[in-house]
file query_25.txt (compact mmCIF, C-alpha atoms)
# COMPACT_ATOMS: atom_id res chain seq x y z
CA MET A 25 134.92 165.76 114.72
CA PRO A 26 133.57 167.66 117.79
CA ASP A 27 133.62 171.44 117.70
CA PRO A 28 136.47 172.55 120.04
CA HIS A 29 134.69 175.64 121.34
CA THR A 30 131.52 173.70 122.10
CA ALA A 31 133.63 171.07 123.84
CA LEU A 32 135.28 173.74 126.01
CA ASP A 33 131.89 175.21 126.92
CA ASP A 34 130.71 171.71 127.88
CA LEU A 35 133.80 171.18 130.03
CA LEU A 36 133.35 174.52 131.81
CA ALA A 37 129.72 173.60 132.48
CA LEU A 38 130.88 170.24 133.87
CA LEU A 39 133.22 172.03 136.29
CA ASP A 40 130.57 174.57 137.38
CA LEU A 41 129.27 172.76 140.46
CA GLU A 42 125.83 173.17 141.98
CA ARG A 43 125.90 174.43 145.56
CA ILE A 44 123.36 172.42 147.58
CA GLU A 45 124.47 173.57 151.05
CA GLN A 46 127.00 176.06 152.38
CA ASP A 47 129.93 173.62 152.02
CA ILE A 48 128.33 170.86 149.95
CA PHE A 49 128.41 170.80 146.15
CA ARG A 50 127.15 168.47 143.45
CA GLY A 51 128.80 167.80 140.12
CA GLU A 52 127.78 165.80 137.09
CA SER A 53 129.97 163.24 135.35
CA ARG A 54 130.47 162.10 131.82
CA SER A 55 131.82 158.96 130.21
CA ALA A 56 135.56 158.62 129.78
CA LEU A 57 137.71 156.31 127.65
CA VAL A 58 137.50 153.71 130.40
CA PRO A 59 134.31 152.69 132.27
CA ARG A 60 134.90 155.07 135.17
CA VAL A 61 135.01 158.80 135.79
CA PHE A 62 138.19 160.48 134.45
CA GLY A 63 140.43 161.23 137.42
CA GLY A 64 141.27 164.73 136.20
CA GLN A 65 137.56 165.59 136.25
CA VAL A 66 137.14 164.56 139.91
CA ALA A 67 140.30 166.40 140.96
CA ALA A 68 139.26 169.55 139.11
CA GLN A 69 135.72 169.50 140.51
CA ALA A 70 137.03 168.95 144.05
CA LEU A 71 139.35 171.94 143.65
CA VAL A 72 136.41 174.04 142.45
CA ALA A 73 134.47 173.03 145.58
CA ALA A 74 137.40 173.95 147.84
CA GLY A 75 138.03 177.24 146.04
CA ARG A 76 134.43 178.38 146.42
CA THR A 77 134.82 178.39 150.22
CA VAL A 78 138.00 180.52 150.15
CA PRO A 79 138.34 184.34 149.90
CA ASP A 80 139.10 185.57 146.37
CA ASP A 81 142.48 187.02 147.40
CA ARG A 82 143.83 183.58 148.38
CA LEU A 83 145.18 181.59 145.47
CA ALA A 84 145.65 177.82 145.30
CA HIS A 85 149.29 176.90 145.81
CA SER A 86 149.11 173.12 146.35
CA LEU A 87 146.87 170.08 146.32
CA HIS A 88 147.31 166.49 147.45
CA ALA A 89 144.77 163.87 146.44
CA TYR A 90 143.97 160.16 146.63
CA PHE A 91 141.78 158.24 144.20
CA LEU A 92 139.92 155.77 146.42
CA ARG A 93 137.34 154.05 144.20
CA PRO A 94 136.40 154.14 140.51
CA GLY A 95 133.76 156.80 139.88
CA ASP A 96 130.46 155.94 138.22
CA PRO A 97 130.05 158.19 135.14
CA GLY A 98 126.29 157.67 135.24
CA ALA A 99 125.78 159.22 138.67
CA PRO A 100 126.35 162.68 140.18
CA ILE A 101 129.20 163.25 142.64
CA VAL A 102 128.69 165.05 145.96
CA TYR A 103 131.62 167.09 147.28
CA THR A 104 131.75 167.95 150.99
CA VAL A 105 134.24 170.64 152.06
CA ASP A 106 135.79 170.79 155.53
CA ARG A 107 137.18 174.20 156.51
CA ILE A 108 140.31 172.88 158.18
CA ARG A 109 142.10 176.18 158.77
CA ASP A 110 141.79 179.89 158.01
CA GLY A 111 145.07 181.54 158.99
CA ARG A 112 146.44 185.01 158.37
CA SER A 113 148.26 183.92 155.20
CA PHE A 114 147.13 180.37 154.44
CA THR A 115 143.77 178.63 154.12
CA THR A 116 143.43 174.83 154.10
CA ARG A 117 140.49 172.83 152.84
CA ARG A 118 139.70 169.13 152.77
CA VAL A 119 137.23 167.75 150.22
CA VAL A 120 135.65 164.29 150.09
CA ALA A 121 133.86 163.18 146.92
CA VAL A 122 131.04 160.67 147.47
CA GLN A 123 129.01 158.46 145.14
CA HIS A 124 126.46 155.83 146.15
CA GLY A 125 127.22 156.50 149.81
CA GLN A 126 130.95 155.79 149.52
CA PRO A 127 133.97 158.10 149.23
CA ILE A 128 135.66 157.83 145.84
CA PHE A 129 138.21 160.65 146.15
CA HIS A 130 139.91 162.75 148.82
CA LEU A 131 141.61 166.12 148.31
CA SER A 132 143.53 168.48 150.55
CA ALA A 133 144.22 171.93 149.09
CA SER A 134 146.04 174.97 150.43
CA PHE A 135 145.54 178.60 149.42
CA GLN A 136 147.74 181.63 150.18
CA THR A 137 147.52 185.40 149.99
CA TYR A 138 150.06 186.89 147.57
CA GLU A 139 153.41 187.91 149.07
CA GLU A 140 156.89 188.75 147.86
CA GLY A 141 159.71 186.28 148.51
CA LEU A 142 163.00 184.78 147.35
CA GLU A 143 162.96 183.74 143.68
CA HIS A 144 164.72 181.00 141.72
CA GLN A 145 163.59 178.21 139.38
CA ALA A 146 164.79 175.32 137.25
CA GLU A 147 165.33 176.27 133.64
CA MET A 148 162.82 175.27 131.02
CA PRO A 149 164.08 172.27 128.98
CA PRO A 150 164.45 172.46 125.20
CA ALA A 151 161.19 171.74 123.37
CA PRO A 152 159.85 172.20 119.83
CA ASP A 153 157.56 175.10 119.01
CA PRO A 154 153.99 173.91 119.74
CA GLU A 155 152.70 175.46 116.53
CA SER A 156 155.08 173.17 114.57
CA LEU A 157 153.55 170.00 116.05
CA PRO A 158 150.52 168.09 114.72
CA THR A 159 147.21 168.41 116.53
CA ALA A 160 145.70 165.38 118.24
CA ALA A 161 143.20 165.00 115.41
CA GLU A 162 146.09 164.87 112.92
CA MET A 163 148.43 162.66 114.94
CA LEU A 164 146.26 160.05 116.70
CA PRO A 165 144.88 158.30 113.59
CA ARG A 166 148.46 157.62 112.48
CA HIS A 167 149.04 155.33 115.47
CA LEU A 168 145.65 154.03 116.62
CA PRO A 169 142.64 152.31 115.06
CA ARG A 170 140.21 154.92 113.78
CA GLU A 171 137.52 154.13 116.38
CA VAL A 172 139.96 154.44 119.29
CA ALA A 173 141.53 157.60 117.84
CA ASP A 174 138.11 159.21 117.37
CA ARG A 175 137.11 158.44 120.97
CA LEU A 176 140.37 159.89 122.28
CA VAL A 177 140.03 163.03 120.17
CA GLU A 178 136.45 163.48 121.37
CA ALA A 179 137.40 162.98 125.03
CA ARG A 180 140.10 165.66 124.76
CA ALA A 181 138.33 168.05 122.38
CA ALA A 182 138.27 170.92 124.91
CA VAL A 183 142.07 170.93 125.01
CA ASP A 184 144.65 171.43 122.26
CA LEU A 185 147.22 168.84 123.35
CA ARG A 186 150.25 168.22 121.13
CA TYR A 187 152.92 165.56 121.65
CA ALA A 188 156.51 166.63 121.05
CA GLU A 189 157.43 163.03 120.15
CA VAL A 190 155.61 159.83 119.26
CA PRO A 191 153.31 158.85 122.16
CA PRO A 192 153.50 155.42 123.84
CA TRP A 193 150.93 153.78 121.55
CA GLY A 194 152.99 154.84 118.54
CA SER A 195 156.12 152.97 119.66
CA VAL A 196 154.81 149.71 121.14
CA GLY A 197 157.61 147.19 121.71
CA GLN A 198 160.32 149.84 121.58
CA PRO A 199 161.44 150.83 125.11
CA ARG A 200 162.98 154.26 125.26
CA GLU A 201 163.91 156.97 127.74
CA PRO A 202 161.08 157.38 130.27
CA ARG A 203 160.44 160.98 129.37
CA SER A 204 157.78 162.75 127.33
CA GLN A 205 156.70 166.29 126.52
CA VAL A 206 153.35 167.68 125.51
CA TRP A 207 152.21 171.23 124.93
CA PHE A 208 148.65 172.07 125.92
CA ARG A 209 146.16 174.91 126.14
CA THR A 210 142.38 175.11 126.16
CA ASN A 211 140.61 175.34 122.81
CA GLY A 212 139.34 178.83 123.47
CA LYS A 213 139.78 181.78 125.80
CA LEU A 214 138.99 181.59 129.51
CA ALA A 215 137.76 184.23 131.93
CA ASP A 216 140.34 186.10 134.04
CA ASP A 217 139.70 183.96 137.13
CA PRO A 218 142.95 182.53 138.60
CA LEU A 219 141.12 179.56 140.15
CA LEU A 220 139.65 178.61 136.76
CA HIS A 221 143.11 178.40 135.17
CA VAL A 222 144.42 176.29 138.04
CA VAL A 223 141.39 174.01 137.78
CA LEU A 224 141.84 173.53 134.01
CA ALA A 225 145.54 172.70 134.47
CA THR A 226 144.56 170.18 137.16
CA TYR A 227 142.09 168.59 134.74
CA VAL A 228 144.70 168.21 131.99
CA SER A 229 147.49 167.07 134.33
CA ASP A 230 145.94 163.59 134.68
CA MET A 231 145.83 162.93 130.93
CA THR A 232 149.44 162.03 130.11
CA LEU A 233 151.60 161.93 133.26
CA LEU A 234 151.98 158.13 133.36
CA ASP A 235 152.98 157.99 129.67
CA SER A 236 156.62 158.15 130.71
CA VAL A 237 156.19 154.93 132.74
CA LEU A 238 154.90 153.18 129.62
CA LEU A 239 157.74 154.46 127.44
CA ALA A 240 160.36 152.80 129.65
CA HIS A 241 158.84 149.39 128.88
CA GLY A 242 157.67 149.82 125.30
CA ARG A 243 154.02 149.60 126.34
CA GLY A 244 151.25 151.40 124.48
CA GLY A 245 148.94 151.82 127.43
CA TRP A 246 145.20 151.87 127.96
CA ALA A 247 144.53 152.97 124.38
CA VAL A 248 145.87 149.66 123.01
CA GLY A 249 145.16 147.46 126.04
CA ASP A 250 148.65 146.13 126.79
CA VAL A 251 148.50 147.51 130.34
CA VAL A 252 145.70 148.20 132.79
CA GLY A 253 145.93 150.91 135.38
CA ALA A 254 144.49 153.80 137.30
CA SER A 255 145.70 156.86 139.18
CA LEU A 256 146.40 156.28 142.88
CA ASP A 257 147.44 159.69 144.13
CA HIS A 258 148.21 163.08 142.68
CA ALA A 259 150.01 166.16 143.98
CA MET A 260 150.49 169.61 142.43
CA TRP A 261 152.26 172.80 143.50
CA PHE A 262 151.34 176.07 141.77
CA HIS A 263 154.39 178.32 141.83
CA ARG A 264 153.61 181.27 139.55
CA PRO A 265 150.62 182.75 137.74
CA PHE A 266 149.78 181.24 134.35
CA ARG A 267 146.92 181.00 131.89
CA ALA A 268 145.57 177.62 130.82
CA ASP A 269 144.40 179.16 127.53
CA GLU A 270 148.02 179.90 126.56
CA TRP A 271 150.63 177.28 125.67
CA LEU A 272 152.06 175.33 128.60
CA LEU A 273 154.89 172.78 128.29
CA TYR A 274 154.25 169.60 130.30
CA ASP A 275 157.69 168.00 130.72
CA GLN A 276 157.21 164.53 132.23
CA GLU A 277 159.46 161.70 133.36
CA SER A 278 159.30 158.49 135.36
CA PRO A 279 162.09 157.81 137.86
CA THR A 280 160.80 154.34 138.84
CA SER A 281 158.18 151.63 138.54
CA SER A 282 157.83 148.55 140.75
CA GLY A 283 155.25 146.46 142.56
CA GLY A 284 152.58 147.08 139.93
CA ARG A 285 152.91 150.85 140.38
CA GLY A 286 154.60 153.56 138.34
CA LEU A 287 155.67 157.05 139.38
CA GLY A 288 155.47 160.07 137.12
CA GLN A 289 156.82 163.52 137.92
CA ALA A 290 156.68 166.66 135.84
CA ARG A 291 157.18 170.39 135.54
CA ILE A 292 154.88 172.70 133.65
CA HIS A 293 156.42 175.83 132.13
CA THR A 294 154.82 178.79 130.40
CA GLN A 295 155.93 179.38 126.83
CA ASP A 296 158.20 182.22 127.95
CA GLY A 297 160.03 179.89 130.35
CA ARG A 298 158.47 180.50 133.79
CA LEU A 299 158.11 177.41 135.99
CA ALA A 300 154.40 177.46 136.81
CA ILE A 301 153.56 174.03 138.28
CA SER A 302 155.21 170.90 139.66
CA VAL A 303 153.31 167.59 139.52
CA ILE A 304 153.81 164.09 140.94
CA GLN A 305 151.51 161.11 140.44
CA GLU A 306 151.65 157.40 141.24
CA GLY A 307 149.40 154.98 139.45
CA VAL A 308 148.68 151.28 139.11
CA VAL A 309 150.37 149.97 135.96
CA ARG A 310 149.81 146.25 135.47
CA VAL A 311 150.40 143.89 132.59
CA PRO A 312 147.08 142.08 131.91
CA ARG A 313 146.93 138.40 132.72
CA ARG A 314 146.49 136.29 129.63
call {"tool": "encode", "arguments": {"input": "query_25.txt", "output": "structure tokens"}}
result
Amino acid sequence: MPDPHTALDDLLALLDLERIEQDIFRGESRSALVPRVFGGQVAAQALVAAGRTVPDDRLAHSLHAYFLRPGDPGAPIVYTVDRIRDGRSFTTRRVVAVQHGQPIFHLSASFQTYEEGLEHQAEMPPAPDPESLPTAAEMLPRHLPREVADRLVEARAAVDLRYAEVPPWGSVGQPREPRSQVWFRTNGKLADDPLLHVVLATYVSDMTLLDSVLLAHGRGGWAVGDVVGASLDHAMWFHRPFRADEWLLYDQESPTSSGGRGLGQARIHTQDGRLAISVIQEGVVRVPRR
């Protein structure tokens, strides 16, 4: 089993882009569970590129992204940042990720200086204590072949991600309410850099959001091969400060699927109940042709 702290160091190194021009950055890739770059990696790296062109006192408050082509895990990715707007309160950046001369990903991100304002939020839903739940290394082998479980544990070793209920691949053929909850935090402490915590949450947000689509149809997903799919677009709004190295509840649901696409939406709360992030993603979800 991979060492969690080493895995987190490796992930942080992966997200630490090389600056090759004032607004051009280069990032490495690594293999994912499928033969393409993990979407959360590209989104997180693009947000790093955008954030490095923004003053430190402006914090990310939203991102909107499109996955255009599958990324090649064997090749570096070049991120070009356009400085769309620098206003008195808000800064907007556009990032295009390129491989082999073609764009594979597009991100727009907005940053804001801190200000006081009206406050309200949706209440945090009931959820089990994360410390009472099995770790991925304990839970995955119960529901997946050992080889698949080991690959999944290795791919997620930098993150302590715990399912509140049986995941889709543990209830194949049993449709249920299209809703799932996971708790997550990084496997180790992070520096006190607000952008870093936002970037890590962005990375994790692409791991499980479409699970709720699968649950509605009793499908196990990519881990068992009864659907094929990929992320199409992804949007996040960062409402309040949080730390990605402390427990966060990812409460996910799917209001609809049709036309070979499924929609997932979610809220991420801190353990003490603050609504930190809202997330929406649409993805391709297709039943393989026999």
call {"tool": "closest_residue", "arguments": {"input": "query_25.txt", "among": "A:Trp246, A:Trp193, A:Tyr138, A:Phe208", "to": "His263 in chain A", "atoms": "only C-alpha atoms"}}
result
A:Tyr138
call {"tool": "closest_residue", "arguments": {"input": "query_25.txt", "among": "A:His88, A:Ala161, A:Ala151, A:Arg166", "to": "Glu178 in chain A", "atoms": "all atoms listed in the file"}}
result
A:Ala161
call {"tool": "closest_residue", "arguments": {"input": "query_25.txt", "among": "A:Ala182, A:Asp47, A:His130, A:His85", "to": "Ala70 in chain A", "atoms": "all atoms listed in the file"}}
result
A:His130
call {"tool": "residues_around", "arguments": {"input": "query_25.txt", "residues": "Ala74 in chain A", "least_positions_apart": "5", "cutoff": "8 Å", "atoms": "all atoms listed in the file", "output": "PDB file with C-alpha atoms, keeping the file's coordinate frame"}}
result
ATOM      1  CA  VAL A 105     134.240 170.640 152.060  1.00  0.00           C
ATOM      2  CA  ARG A 117     140.490 172.830 152.840  1.00  0.00           C
ATOM      3  CA  ARG A 118     139.700 169.130 152.770  1.00  0.00           C
ATOM      4  CA  VAL A 119     137.230 167.750 150.220  1.00  0.00           C
ATOM      5  CA  ALA A 133     144.220 171.930 149.090  1.00  0.00           C
TER       6      ALA A 133
END
call {"tool": "atom_distance", "arguments": {"input": "query_25.txt", "atom1": "CA of Arg180 in chain A", "atom2": "CA of Thr159 in chain A"}}
result
11.2 Å
call {"tool": "build_atoms", "arguments": {"input": "query_25.txt", "residues": "range 82-103 of chain A", "atoms": "N, CA, C and O atoms", "output": "mmCIF file, keeping the file's coordinate frame"}}
result
data_model
loop_
_atom_site.group_PDB
_atom_site.id
_atom_site.type_symbol
_atom_site.label_atom_id
_atom_site.label_comp_id
_atom_site.auth_asym_id
_atom_site.auth_seq_id
_atom_site.Cartn_x
_atom_site.Cartn_y
_atom_site.Cartn_z
ATOM 1 N N ARG A 82 142.954 184.708 148.034
ATOM 2 C CA ARG A 82 143.830 183.580 148.380
ATOM 3 C C ARG A 82 143.838 182.602 147.216
ATOM 4 O O ARG A 82 142.804 182.074 146.813
ATOM 5 N N LEU A 83 145.024 182.393 146.675
ATOM 6 C CA LEU A 83 145.180 181.590 145.470
ATOM 7 C C LEU A 83 145.667 180.188 145.824
ATOM 8 O O LEU A 83 146.471 180.006 146.750
ATOM 9 N N ALA A 84 145.211 179.203 145.072
ATOM 10 C CA ALA A 84 145.650 177.820 145.300
ATOM 11 C C ALA A 84 147.145 177.707 145.062
ATOM 12 O O ALA A 84 147.653 178.159 144.035
ATOM 13 N N HIS A 85 147.852 177.118 146.023
ATOM 14 C CA HIS A 85 149.290 176.900 145.810
ATOM 15 C C HIS A 85 149.674 175.431 145.876
ATOM 16 O O HIS A 85 150.771 175.058 145.444
ATOM 17 N N SER A 86 148.784 174.545 146.375
ATOM 18 C CA SER A 86 149.110 173.120 146.350
ATOM 19 C C SER A 86 147.841 172.299 146.536
ATOM 20 O O SER A 86 146.846 172.765 147.103
ATOM 21 N N LEU A 87 147.915 171.053 146.048
ATOM 22 C CA LEU A 87 146.870 170.080 146.320
ATOM 23 C C LEU A 87 147.506 168.699 146.424
ATOM 24 O O LEU A 87 148.529 168.406 145.796
ATOM 25 N N HIS A 88 146.889 167.873 147.254
ATOM 26 C CA HIS A 88 147.310 166.490 147.450
ATOM 27 C C HIS A 88 146.055 165.632 147.455
ATOM 28 O O HIS A 88 145.125 165.912 148.222
ATOM 29 N N ALA A 89 146.016 164.602 146.625
ATOM 30 C CA ALA A 89 144.770 163.870 146.440
ATOM 31 C C ALA A 89 145.009 162.373 146.353
ATOM 32 O O ALA A 89 146.064 161.922 145.905
ATOM 33 N N TYR A 90 143.977 161.620 146.759
ATOM 34 C CA TYR A 90 143.970 160.160 146.630
ATOM 35 C C TYR A 90 142.709 159.737 145.891
ATOM 36 O O TYR A 90 141.601 160.174 146.215
ATOM 37 N N PHE A 91 142.895 158.859 144.907
ATOM 38 C CA PHE A 91 141.780 158.240 144.200
ATOM 39 C C PHE A 91 141.449 156.945 144.942
ATOM 40 O O PHE A 91 142.272 156.022 144.991
ATOM 41 N N LEU A 92 140.258 156.870 145.524
ATOM 42 C CA LEU A 92 139.920 155.770 146.420
ATOM 43 C C LEU A 92 139.127 154.653 145.740
ATOM 44 O O LEU A 92 139.361 153.474 146.007
ATOM 45 N N ARG A 93 138.175 155.027 144.904
ATOM 46 C CA ARG A 93 137.340 154.050 144.200
ATOM 47 C C ARG A 93 137.058 154.572 142.798
ATOM 48 O O ARG A 93 137.042 155.778 142.583
ATOM 49 N N PRO A 94 136.789 153.665 141.847
ATOM 50 C CA PRO A 94 136.400 154.140 140.510
ATOM 51 C C PRO A 94 135.075 154.894 140.584
ATOM 52 O O PRO A 94 134.132 154.464 141.253
ATOM 53 N N GLY A 95 134.997 156.032 139.916
ATOM 54 C CA GLY A 95 133.760 156.800 139.880
ATOM 55 C C GLY A 95 132.795 156.253 138.844
ATOM 56 O O GLY A 95 133.202 155.735 137.805
ATOM 57 N N ASP A 96 131.514 156.374 139.129
ATOM 58 C CA ASP A 96 130.460 155.940 138.220
ATOM 59 C C ASP A 96 130.072 157.114 137.327
ATOM 60 O O ASP A 96 129.498 158.093 137.802
ATOM 61 N N PRO A 97 130.355 157.048 136.011
ATOM 62 C CA PRO A 97 130.050 158.190 135.140
ATOM 63 C C PRO A 97 128.556 158.439 134.965
ATOM 64 O O PRO A 97 128.157 159.495 134.475
ATOM 65 N N GLY A 98 127.717 157.503 135.381
ATOM 66 C CA GLY A 98 126.290 157.670 135.240
ATOM 67 C C GLY A 98 125.606 158.300 136.432
ATOM 68 O O GLY A 98 124.377 158.438 136.440
ATOM 69 N N ALA A 99 126.368 158.679 137.446
ATOM 70 C CA ALA A 99 125.780 159.220 138.670
ATOM 71 C C ALA A 99 126.462 160.521 139.053
ATOM 72 O O ALA A 99 127.650 160.716 138.776
ATOM 73 N N PRO A 100 125.723 161.455 139.697
ATOM 74 C CA PRO A 100 126.350 162.680 140.180
ATOM 75 C C PRO A 100 127.343 162.397 141.313
ATOM 76 O O PRO A 100 127.309 161.321 141.929
ATOM 77 N N ILE A 101 128.218 163.354 141.565
ATOM 78 C CA ILE A 101 129.200 163.250 142.640
ATOM 79 C C ILE A 101 128.937 164.380 143.625
ATOM 80 O O ILE A 101 128.781 165.538 143.226
ATOM 81 N N VAL A 102 128.886 164.056 144.910
ATOM 82 C CA VAL A 102 128.690 165.050 145.960
ATOM 83 C C VAL A 102 130.033 165.351 146.611
ATOM 84 O O VAL A 102 130.766 164.431 147.003
ATOM 85 N N TYR A 103 130.357 166.646 146.706
ATOM 86 C CA TYR A 103 131.620 167.090 147.280
ATOM 87 C C TYR A 103 131.345 167.833 148.592
ATOM 88 O O TYR A 103 130.641 168.849 148.595
#
